[in-house]
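Text of upload_8.cif (mmCIF, C-alpha atoms) as supplied:
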data_data
#
loop_
_atom_site.label_atom_id
_atom_site.label_comp_id
_atom_site.auth_asym_id
_atom_site.auth_seq_id
_atom_site.Cartn_x
_atom_site.Cartn_y
_atom_site.Cartn_z
CA MET A 1 120.32 104.95 129.55
CA LYS A 2 121.38 106.26 126.16
CA ASN A 3 123.91 104.44 123.95
CA GLN A 4 123.98 101.34 126.12
CA GLN A 5 125.38 98.19 124.60
CA PRO A 6 122.40 96.35 123.01
CA ARG A 7 121.28 93.45 125.21
CA LEU A 8 118.94 90.59 124.34
CA LEU A 9 116.88 90.96 127.51
CA THR A 10 116.39 94.71 127.05
CA LEU A 11 115.43 94.09 123.42
CA PHE A 12 112.92 91.41 124.40
CA LEU A 13 111.31 93.41 127.21
CA SER A 14 111.09 96.57 125.08
CA VAL A 15 109.26 94.96 122.16
CA PHE A 16 107.13 92.86 124.54
CA LYS A 17 105.90 95.96 126.37
CA ILE A 18 105.23 97.88 123.15
CA SER A 19 103.28 94.97 121.69
CA ALA A 20 101.37 94.35 124.95
CA PHE A 21 100.18 97.90 125.55
CA THR A 22 99.64 99.32 122.08
CA PHE A 23 96.17 99.30 120.63
CA GLY A 24 95.54 99.79 116.93
CA GLY A 25 98.13 97.66 115.13
CA GLY A 26 101.29 98.36 113.14
CA TYR A 27 100.69 101.99 112.30
CA VAL A 28 100.67 102.77 116.03
CA ILE A 29 103.38 100.31 117.12
CA VAL A 30 106.08 101.40 114.68
CA PRO A 31 106.32 105.04 115.88
CA LEU A 32 106.64 103.73 119.46
CA MET A 33 109.46 101.39 118.44
CA ARG A 34 111.20 104.34 116.84
CA LYS A 35 110.91 106.36 120.03
CA ARG A 36 112.16 103.52 122.22
CA PHE A 37 115.11 102.30 120.14
CA ALA A 38 116.30 105.49 118.45
CA GLU A 39 115.48 108.13 121.06
CA ASP A 40 115.48 106.37 124.44
CA LEU A 41 118.08 103.61 123.95
CA GLY A 42 120.10 105.17 121.12
CA TRP A 43 120.79 101.74 119.58
CA VAL A 44 120.05 102.92 116.03
CA GLN A 45 120.16 106.29 114.26
CA GLN A 46 116.87 108.05 113.53
CA GLU A 47 117.57 107.77 109.79
CA GLU A 48 118.31 104.05 109.98
CA MET A 49 115.05 103.59 111.82
CA LEU A 50 113.15 105.34 109.01
CA ASP A 51 114.84 103.06 106.46
CA MET A 52 113.77 100.02 108.48
CA ILE A 53 110.18 101.22 108.57
CA ALA A 54 110.29 101.69 104.79
CA ILE A 55 111.57 98.14 104.27
CA ALA A 56 109.03 96.78 106.75
CA GLN A 57 106.20 98.44 104.84
CA SER A 58 107.32 97.20 101.44
CA ALA A 59 107.62 93.60 102.62
CA PRO A 60 104.59 91.37 103.12
CA GLY A 61 103.42 90.50 106.64
CA PRO A 62 102.47 92.55 109.70
CA ILE A 63 104.40 95.84 109.71
CA ALA A 64 105.11 95.64 113.45
CA VAL A 65 106.52 92.12 113.06
CA ASN A 66 108.68 93.15 110.10
CA THR A 67 110.02 96.21 111.93
CA SER A 68 110.84 94.18 115.03
CA ILE A 69 112.72 91.59 112.92
CA LEU A 70 114.76 94.32 111.20
CA LEU A 71 115.51 96.03 114.50
CA GLY A 72 116.60 92.83 116.23
CA TYR A 73 118.72 91.82 113.24
CA ARG A 74 120.36 95.24 113.06
CA VAL A 75 121.38 95.39 116.75
CA LEU A 76 122.09 91.71 117.59
CA GLY A 77 122.11 89.69 114.38
CA LEU A 78 119.95 86.63 113.72
CA LYS A 79 119.65 85.91 117.46
CA GLY A 80 118.36 89.45 117.95
CA ALA A 81 115.83 89.03 115.12
CA LEU A 82 114.42 85.85 116.68
CA VAL A 83 114.24 87.30 120.21
CA SER A 84 112.62 90.46 118.90
CA VAL A 85 109.92 88.67 116.90
CA LEU A 86 109.21 86.42 119.89
CA GLY A 87 108.72 89.47 122.12
CA THR A 88 106.31 90.96 119.58
CA ALA A 89 104.29 87.77 119.06
CA LEU A 90 103.90 86.63 122.68
CA PRO A 91 101.52 89.33 124.01
CA PRO A 92 98.85 88.79 121.30
CA LEU A 93 99.23 85.04 121.72
CA ILE A 94 98.51 85.28 125.45
CA VAL A 95 95.75 87.91 125.35
CA LEU A 96 93.87 86.45 122.39
CA SER A 97 94.07 82.84 123.64
CA VAL A 98 92.33 83.91 126.85
CA ILE A 99 89.67 85.96 125.03
CA SER A 100 89.12 83.23 122.47
CA TYR A 101 88.43 80.62 125.17
CA PHE A 102 85.66 82.77 126.63
CA TYR A 103 84.30 83.78 123.22
CA GLN A 104 81.26 81.45 123.25
CA ALA A 105 80.25 82.61 126.74
CA PHE A 106 80.84 86.20 125.67
CA ARG A 107 78.68 85.83 122.60
CA GLN A 108 75.68 84.42 124.50
CA ASN A 109 75.52 87.34 126.93
CA GLN A 110 72.78 89.72 125.69
CA TRP A 111 74.69 92.90 126.56
CA ILE A 112 77.94 91.73 125.02
CA ALA A 113 76.11 90.56 121.90
CA ALA A 114 74.46 93.99 121.53
CA LEU A 115 77.81 95.67 122.20
CA MET A 116 79.63 93.58 119.58
CA ASN A 117 76.88 94.19 117.01
CA ALA A 118 76.98 97.93 117.54
CA MET A 119 80.76 97.94 117.58
CA ARG A 120 80.75 96.54 114.04
CA ALA A 121 79.41 99.89 112.89
CA GLY A 122 82.38 101.52 114.64
CA VAL A 123 84.85 99.11 113.03
CA ALA A 124 83.35 99.84 109.62
CA ALA A 125 83.74 103.57 110.31
CA VAL A 126 87.40 103.09 111.28
CA ILE A 127 88.11 101.16 108.09
CA VAL A 128 86.22 103.66 105.91
CA ASP A 129 88.24 106.44 107.56
CA VAL A 130 91.56 104.70 106.76
CA VAL A 131 90.48 104.04 103.16
CA TRP A 132 89.29 107.64 102.77
CA THR A 133 92.73 108.93 103.79
CA MET A 134 94.72 106.39 101.75
CA ALA A 135 92.61 106.75 98.61
CA GLY A 136 92.85 110.53 98.99
CA ASN A 137 96.65 110.26 98.95
CA ILE A 138 96.50 108.24 95.74
CA PHE A 139 94.08 110.64 94.01
CA ARG A 140 96.20 113.63 95.05
CA LYS A 141 99.22 112.34 93.10
CA ARG A 142 97.23 112.97 89.91
CA GLN A 143 98.65 109.98 88.06
CA ALA A 144 96.31 107.81 86.03
CA THR A 145 97.90 104.41 86.67
CA PRO A 146 97.59 104.17 90.47
CA VAL A 147 94.01 105.47 90.41
CA LEU A 148 93.01 103.00 87.67
CA LEU A 149 94.78 100.15 89.46
CA MET A 150 92.97 100.98 92.69
CA LEU A 151 89.52 101.10 91.05
CA ALA A 152 90.17 97.98 88.96
CA ALA A 153 91.47 96.06 91.98
CA PHE A 154 88.41 97.06 94.01
CA ALA A 155 86.06 95.95 91.23
CA ALA A 156 87.94 92.66 90.84
CA VAL A 157 87.84 91.83 94.56
CA TRP A 158 84.46 93.26 95.55
CA LEU A 159 82.29 92.69 92.46
CA PHE A 160 83.92 89.74 90.74
CA LYS A 161 85.39 87.94 93.79
CA VAL A 162 88.75 87.38 92.10
CA ASN A 163 91.38 85.69 94.28
CA ILE A 164 93.15 88.45 96.22
CA ILE A 165 96.61 86.99 95.68
CA LEU A 166 96.09 87.08 91.90
CA VAL A 167 95.02 90.73 92.16
CA LEU A 168 98.18 91.59 94.12
CA LEU A 169 100.44 89.78 91.64
CA ALA A 170 98.75 91.50 88.70
CA CYS A 171 99.05 94.94 90.31
CA GLY A 172 102.74 94.38 91.13
CA LEU A 173 103.41 93.36 87.53
CA LEU A 174 101.44 96.29 86.09
CA GLY A 175 103.33 98.67 88.39
CA LEU A 176 106.59 97.19 87.14
CA MET A 177 105.50 97.56 83.49
CA ASP A 178 104.36 101.11 84.08
CA ALA A 179 107.74 102.02 85.58
CA TRP A 180 109.53 100.31 82.69
CA LEU A 181 107.48 102.12 80.03
CA ARG A 182 108.03 105.42 81.78
CA SER A 183 111.78 104.91 82.04
CA ARG A 184 111.92 104.05 78.29
CA ARG A 185 109.96 107.19 77.42
CA GLU A 186 112.26 109.32 79.51
CA GLY A 187 115.39 107.49 78.40
CA VAL A 188 114.85 107.95 74.66
CA MET B 1 96.64 67.56 109.71
CA THR B 2 94.48 70.46 110.88
CA LEU B 3 97.57 72.07 112.37
CA LEU B 4 99.41 71.77 109.06
CA THR B 5 96.43 73.27 107.22
CA LEU B 6 96.31 76.11 109.75
CA PHE B 7 100.03 76.78 109.37
CA TRP B 8 99.76 76.82 105.57
CA ALA B 9 96.67 79.08 105.60
CA PHE B 10 98.38 81.70 107.78
CA PHE B 11 101.69 81.27 105.96
CA GLN B 12 99.84 82.49 102.84
CA VAL B 13 98.32 85.37 104.80
CA GLY B 14 101.78 86.42 106.02
CA LEU B 15 103.25 85.98 102.55
CA PHE B 16 100.75 88.08 100.64
CA ALA B 17 99.62 90.72 103.16
CA PHE B 18 101.30 93.86 101.87
CA GLY B 19 100.52 97.01 103.83
CA GLY B 20 100.01 95.77 107.38
CA GLY B 21 97.21 94.34 109.47
CA LEU B 22 94.26 95.92 107.69
CA ALA B 23 95.52 94.57 104.37
CA ALA B 24 95.76 91.14 105.98
CA LEU B 25 92.06 91.12 106.89
CA PRO B 26 90.71 90.32 103.41
CA LEU B 27 93.35 87.57 103.05
CA ILE B 28 92.38 86.13 106.43
CA ARG B 29 88.72 86.25 105.41
CA GLN B 30 89.58 84.41 102.20
CA GLN B 31 91.37 81.67 104.16
CA VAL B 32 89.10 81.22 107.18
CA VAL B 33 85.64 82.00 105.73
CA VAL B 34 85.83 81.22 102.00
CA ILE B 35 88.42 78.45 101.58
CA HIS B 36 88.15 76.73 104.98
CA PRO B 37 84.86 76.52 106.93
CA TRP B 38 86.45 77.75 110.16
CA LEU B 39 84.37 80.91 110.79
CA ASP B 40 81.14 82.34 109.39
CA MET B 41 80.98 86.00 108.34
CA ALA B 42 79.50 87.12 111.70
CA ALA B 43 82.26 85.36 113.65
CA PHE B 44 84.83 86.86 111.27
CA THR B 45 83.52 90.35 112.00
CA ASP B 46 83.72 89.64 115.73
CA LEU B 47 87.29 88.58 115.06
CA VAL B 48 88.03 91.94 113.40
CA THR B 49 86.44 93.78 116.31
CA ILE B 50 88.41 91.78 118.88
CA ALA B 51 91.68 91.99 116.90
CA GLU B 52 91.37 95.78 116.72
CA MET B 53 90.26 96.17 120.35
CA THR B 54 93.12 94.17 121.82
CA PRO B 55 96.71 95.39 121.86
CA GLY B 56 99.35 94.07 119.46
CA PRO B 57 99.59 93.64 115.68
CA ILE B 58 96.13 93.02 114.19
CA ALA B 59 97.26 90.12 111.99
CA LEU B 60 98.79 88.29 114.95
CA ASN B 61 95.68 88.85 117.06
CA ALA B 62 93.61 87.40 114.24
CA SER B 63 95.95 84.40 113.82
CA THR B 64 95.78 83.58 117.52
CA PHE B 65 91.99 83.95 117.63
CA VAL B 66 91.36 81.70 114.63
CA GLY B 67 94.00 79.20 115.75
CA THR B 68 92.40 78.87 119.18
CA GLN B 69 88.90 78.47 117.70
CA VAL B 70 90.09 75.75 115.31
CA ALA B 71 92.59 73.77 117.39
CA GLY B 72 93.03 75.27 120.88
CA LEU B 73 96.37 76.58 122.14
CA PRO B 74 98.48 74.49 119.71
CA GLY B 75 96.38 75.99 116.92
CA ALA B 76 97.09 79.50 118.19
CA VAL B 77 100.84 78.87 118.29
CA VAL B 78 100.88 77.24 114.85
CA ALA B 79 98.77 79.98 113.22
CA THR B 80 100.99 82.68 114.72
CA LEU B 81 104.14 80.87 113.55
CA GLY B 82 102.64 80.52 110.09
CA CYS B 83 101.90 84.23 109.96
CA ILE B 84 105.43 85.18 111.10
CA THR B 85 107.56 82.74 109.09
CA PRO B 86 107.28 84.47 105.68
CA SER B 87 108.14 87.79 107.35
CA LEU B 88 111.24 86.31 108.96
CA ILE B 89 112.52 84.88 105.68
CA ILE B 90 111.60 87.77 103.38
CA VAL B 91 112.52 90.65 105.69
CA LEU B 92 115.94 89.20 106.50
CA ILE B 93 116.66 88.80 102.78
CA LEU B 94 115.28 92.29 102.02
CA ALA B 95 117.45 93.83 104.75
CA ARG B 96 120.52 92.65 102.85
CA VAL B 97 119.26 93.42 99.36
CA TYR B 98 117.73 96.79 100.19
CA ARG B 99 120.88 98.90 100.14
CA ALA B 100 121.85 97.64 96.70
CA TRP B 101 118.35 98.00 95.25
CA ARG B 102 117.02 101.08 97.02
CA ASP B 103 117.14 103.34 93.96
CA LYS B 104 116.20 100.77 91.32
CA ALA B 105 113.18 101.83 89.27
CA ALA B 106 111.90 98.25 88.99
CA PHE B 107 111.64 97.90 92.80
CA GLN B 108 109.83 101.22 93.05
CA GLY B 109 107.58 100.19 90.14
CA VAL B 110 106.33 97.03 91.82
CA LEU B 111 105.64 98.98 95.00
CA SER B 112 103.74 101.67 93.12
CA GLY B 113 101.43 98.95 91.79
CA LEU B 114 100.94 97.27 95.16
CA ARG B 115 100.00 100.40 97.11
CA PRO B 116 96.72 101.14 95.25
CA ALA B 117 95.88 97.43 95.37
CA ALA B 118 96.29 97.48 99.15
CA VAL B 119 93.84 100.38 99.42
CA ALA B 120 91.33 98.50 97.25
CA LEU B 121 91.65 95.40 99.44
CA ILE B 122 91.04 97.36 102.62
CA ALA B 123 88.07 99.10 101.01
CA SER B 124 86.61 95.73 100.06
CA ALA B 125 86.98 94.42 103.63
CA GLY B 126 85.35 97.61 104.90
CA MET B 127 82.36 97.18 102.56
CA SER B 128 81.75 93.61 103.75
CA ILE B 129 81.79 94.70 107.38
CA LEU B 130 79.63 97.77 106.77
CA ILE B 131 76.97 95.70 105.01
CA LEU B 132 76.99 93.17 107.85
CA ALA B 133 76.71 95.94 110.46
CA LEU B 134 73.78 97.60 108.66
CA PHE B 135 71.80 94.60 107.42
CA GLY B 136 72.84 91.73 109.68
CA PRO B 137 74.19 88.32 108.65
CA GLY B 138 72.49 86.78 105.63
CA ALA B 139 69.92 89.56 105.31
CA ARG B 140 69.29 91.03 101.90
CA ILE B 141 70.32 94.58 101.20
CA ALA B 142 66.99 96.44 101.37
CA LEU B 143 65.65 99.51 103.12
CA GLU B 144 63.32 97.41 105.34
CA ALA B 145 66.26 95.36 106.63
CA MET B 146 68.29 98.46 107.56
CA ASP B 147 69.45 98.67 111.19
CA TRP B 148 68.93 102.41 111.76
CA VAL B 149 70.75 102.44 115.11
CA ALA B 150 73.82 100.89 113.47
CA LEU B 151 73.61 103.39 110.61
CA GLY B 152 73.50 106.25 113.11
CA CYS B 153 76.48 104.82 115.02
CA PHE B 154 78.42 104.40 111.77
CA ALA B 155 77.74 107.95 110.57
CA LEU B 156 78.54 109.45 113.96
CA ALA B 157 81.75 107.40 114.33
CA LEU B 158 82.93 108.40 110.85
CA LEU B 159 82.18 112.07 111.53
CA VAL B 160 84.12 111.97 114.82
CA LEU B 161 87.06 110.16 113.18
CA ARG B 162 87.33 112.62 110.29
CA LYS B 163 86.89 115.68 112.46
CA TRP B 164 88.98 115.02 115.59
CA LYS B 165 91.19 112.03 114.64
CA PRO B 166 90.80 110.32 118.03
CA SER B 167 92.18 106.87 118.83
CA PRO B 168 90.25 104.24 116.78
CA ILE B 169 89.78 102.09 119.89
CA LEU B 170 87.85 104.92 121.60
CA VAL B 171 85.61 105.32 118.57
CA MET B 172 84.86 101.59 118.31
CA VAL B 173 84.11 101.20 122.01
CA GLY B 174 82.08 104.43 121.92
CA ALA B 175 80.00 103.21 118.98
CA GLY B 176 79.47 99.87 120.73
CA VAL B 177 78.34 101.33 124.04
CA LEU B 178 76.10 103.90 122.38
CA GLY B 179 74.50 101.39 120.02
CA ALA B 180 73.97 98.75 122.73
CA ALA B 181 72.54 101.29 125.17
CA VAL B 182 70.09 102.70 122.60
CA LYS B 183 68.98 99.21 121.53
CA LEU B 184 68.58 97.61 124.95
CA LEU B 185 67.25 100.63 126.85
CA LEU B 186 64.90 102.09 124.23
CA PHE B 187 63.81 98.99 122.34
CA GLY B 188 64.24 96.39 125.12
#
Written as structure tokens, that's how I'd like the structure from this file.
Amino acid sequence: MKNQQPRLLTLFLSVFKISAFTFGGGYVIVPLMRKRFAEDLGWVQQEEMLDMIAIAQSAPGPIAVNTSILLGYRVLGLKGALVSVLGTALPPLIVLSVISYFYQAFRQNQWIAALMNAMRAGVAAVIVDVVWTMAGNIFRKRQATPVLLMLAAFAAVWLFKVNIILVLLACGLLGLMDAWLRSRREGV
Amino acid sequence: MTLLTLFWAFFQVGLFAFGGGLAALPLIRQQVVVIHPWLDMAAFTDLVTIAEMTPGPIALNASTFVGTQVAGLPGAVVATLGCITPSLIIVLILARVYRAWRDKAAFQGVLSGLRPAAVALIASAGMSILILALFGPGARIALEAMDWVALGCFALALLVLRKWKPSPILVMVGAGVLGAAVKLLLFG
């Protein structure tokens, strides 16, 4: 199995299966892709795979989609990128179309309605848990700028309903300025 | 025309969602609840629940769900394509540029500004969902309106998540089943 010549069909089936059977989004899918393509198939080096994940996370868009594009492009060029992104996008398209068609019927069922309502509390807990961990990482760095940016961005979005895209652009620019000022201080 | 609007709405989501599926949620909310009258806040929260419960990237699940609700299967395909297209363009460019820029302070600076913003965005989405789970759609935030079963489910789910780090899907389903059972069996 290891170090086979990369093939389009194998690429497609691998990403399709990972996307179809992985619950929990990009942060769960990416480690599985790493295991499949670096460890099982040996198409890319472990280090290359880590680089790809880093690029995928710094680019906009779903992380799993970005990683699958990079992977496909790396092993089989543009053709590989397209096949790979297709394999990632098809399972959600199929599953969610089916669920979405039955959504109205679902919603009117008393048990399902109660289940969905109660599940909201669980979703909120999952999101609070993620934020807790991520915010903790930012506080632990003990730098003023990221902490201030985080609090200011939250206030802007939550309290003042500022357009999210403006907030992101502003934070990117402020991060750039901060890095520039710091490099000048250290350079002089 | 609707299809074009759908494509453009999810193109913007794909273009500005830094940090994966959870970061895409506030952008999706902005597009489908605030800017376009496609879903109300309760339906949006169902969307989050369904997108997290089903396998695959969360942002793609959400695109498919909204697309189907707005314009059937063509809507689902168009929304998914819209969400993926910015990734395809940007990631392929980044893959080439990355090696040359990897160590540039400016690149790192922009990223260091975007990361705290992403946390703030997720926190803001979490707050909206938590308030909906505890007080219901449209209800005012007051002690009398508090759904105590939901609060209990939320606190328990968060405790379990922090303590044992189980799979989020288990926690969400667990909270749903527990909350629905308590409500329907004890309170009819």
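Of the residues under consideration (B:Phe187, B:Trp101, B:Phe7, B:Phe154), B:Phe154 shows the shortest atom-to-atom contact distance to chain A when counting only C-alpha atoms.
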Where does chain A meet chain B within 6 Å, residue by residue, with the nearest atom pair and distance in Å to one decimal for each, counting only C-alpha atoms, listed by chain and rising number, as a tab-separated table?
residue	atom	partner	partner_atom	distance
A:Ser19	CA	B:Gly56	CA	4.6
A:Ala20	CA	B:Pro55	CA	5.7
A:Phe21	CA	B:Pro55	CA	5.7
A:Thr22	CA	B:Pro55	CA	4.9
A:Phe23	CA	B:Pro55	CA	4.1
A:Gly24	CA	B:Glu52	CA	5.8
A:Gly25	CA	B:Pro57	CA	4.3
A:Gly26	CA	B:Pro57	CA	5.6
A:Gln57	CA	B:Gly19	CA	5.9
A:Pro60	CA	B:Phe18	CA	4.3
A:Gly61	CA	B:Gly14	CA	4.4
A:Pro62	CA	B:Gly20	CA	4.7
A:Ile63	CA	B:Gly20	CA	5.0
A:Pro92	CA	B:Asn61	CA	5.3
A:Leu93	CA	B:Thr64	CA	5.6
A:Leu96	CA	B:Phe65	CA	5.7
A:Ser100	CA	B:Phe65	CA	5.7
A:Ala114	CA	B:Ala180	CA	4.9
A:Leu115	CA	B:Gly176	CA	4.7
A:Ala118	CA	B:Gly176	CA	4.5
A:Met119	CA	B:Gly176	CA	3.9
A:Arg120	CA	B:Ala133	CA	5.4
A:Ala121	CA	B:Phe154	CA	4.8
A:Gly122	CA	B:Met172	CA	4.4
A:Val123	CA	B:Met172	CA	5.8
A:Ala124	CA	B:Leu130	CA	5.1
A:Ala125	CA	B:Leu158	CA	4.9
A:Ile127	CA	B:Gly126	CA	5.5
A:Val131	CA	B:Ala123	CA	5.9
A:Pro146	CA	B:Pro116	CA	5.7
A:Met150	CA	B:Pro116	CA	4.5
A:Ala153	CA	B:Ala117	CA	5.7
A:Phe154	CA	B:Ala120	CA	4.6
A:Trp158	CA	B:Ser124	CA	5.6
A:Cys171	CA	B:Gly113	CA	4.9
A:Gly172	CA	B:Val110	CA	4.5
A:Gly175	CA	B:Gly113	CA	3.9
A:Leu176	CA	B:Gly109	CA	4.4
A:Ala179	CA	B:Gly109	CA	4.9
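For the atom pair formed by CA of Met41 (chain B) and CA of Val78 (chain B), the distance is 22.7 Å, given to one decimal.
The residues caught by the PyMOL selection byres ((chain A and resi 69) around 8) in this file are Val65, Asn66, Thr67, Ser68, Leu70, Leu71, Gly72, Tyr73, Gly80, Ala81, Leu82, Ser84 and Val85 of chain A; Leu88, Val91 and Leu92 of chain B.
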> Given the file above and the PyMOL selection byres ((chain B and resi 3) around 8), which residues are selected, and can you give them as a PyMOL selection string?
Replying inline: chain B and resi 1-2+4-7+71+74-75+78
Export of the given selection (C-alpha atoms) as an mmCIF file, keeping the file's coordinate frame:
data_model
loop_
_atom_site.group_PDB
_atom_site.id
_atom_site.type_symbol
_atom_site.label_atom_id
_atom_site.label_comp_id
_atom_site.auth_asym_id
_atom_site.auth_seq_id
_atom_site.Cartn_x
_atom_site.Cartn_y
_atom_site.Cartn_z
ATOM 1 C CA MET B 1 96.640 67.560 109.710
ATOM 2 C CA THR B 2 94.480 70.460 110.880
ATOM 3 C CA LEU B 4 99.410 71.770 109.060
ATOM 4 C CA THR B 5 96.430 73.270 107.220
ATOM 5 C CA LEU B 6 96.310 76.110 109.750
ATOM 6 C CA PHE B 7 100.030 76.780 109.370
ATOM 7 C CA ALA B 71 92.590 73.770 117.390
ATOM 8 C CA PRO B 74 98.480 74.490 119.710
ATOM 9 C CA GLY B 75 96.380 75.990 116.920
ATOM 10 C CA VAL B 78 100.880 77.240 114.850
#
> Between CA of Met134 (chain A) and CA of Ala56 (chain A), what is the distance, to one decimal in Å?
Replying inline: 17.9 Å
> For Ala156 (chain A), which of A:Gly136, A:Gly87, A:Asn109, A:Ala170 is the closest residue, counting all atoms listed in the file?
Replying inline: A:Ala170
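With all atoms listed in the file as the basis for measurement, A:Pro91 is the residue among A:Pro91, A:Arg142, A:Leu173, A:Leu149 that approaches Lys17 (chain A) most closely.
Atom to atom, CA of Leu39 (chain B) and CA of Val70 (chain B) stand 8.9 Å apart.
Of the residues under consideration (B:Ile35, B:Ile28, B:Ile93, B:Ala9), B:Ile93 shows the shortest atom-to-atom contact distance to Ala59 (chain A) when counting all atoms listed in the file.
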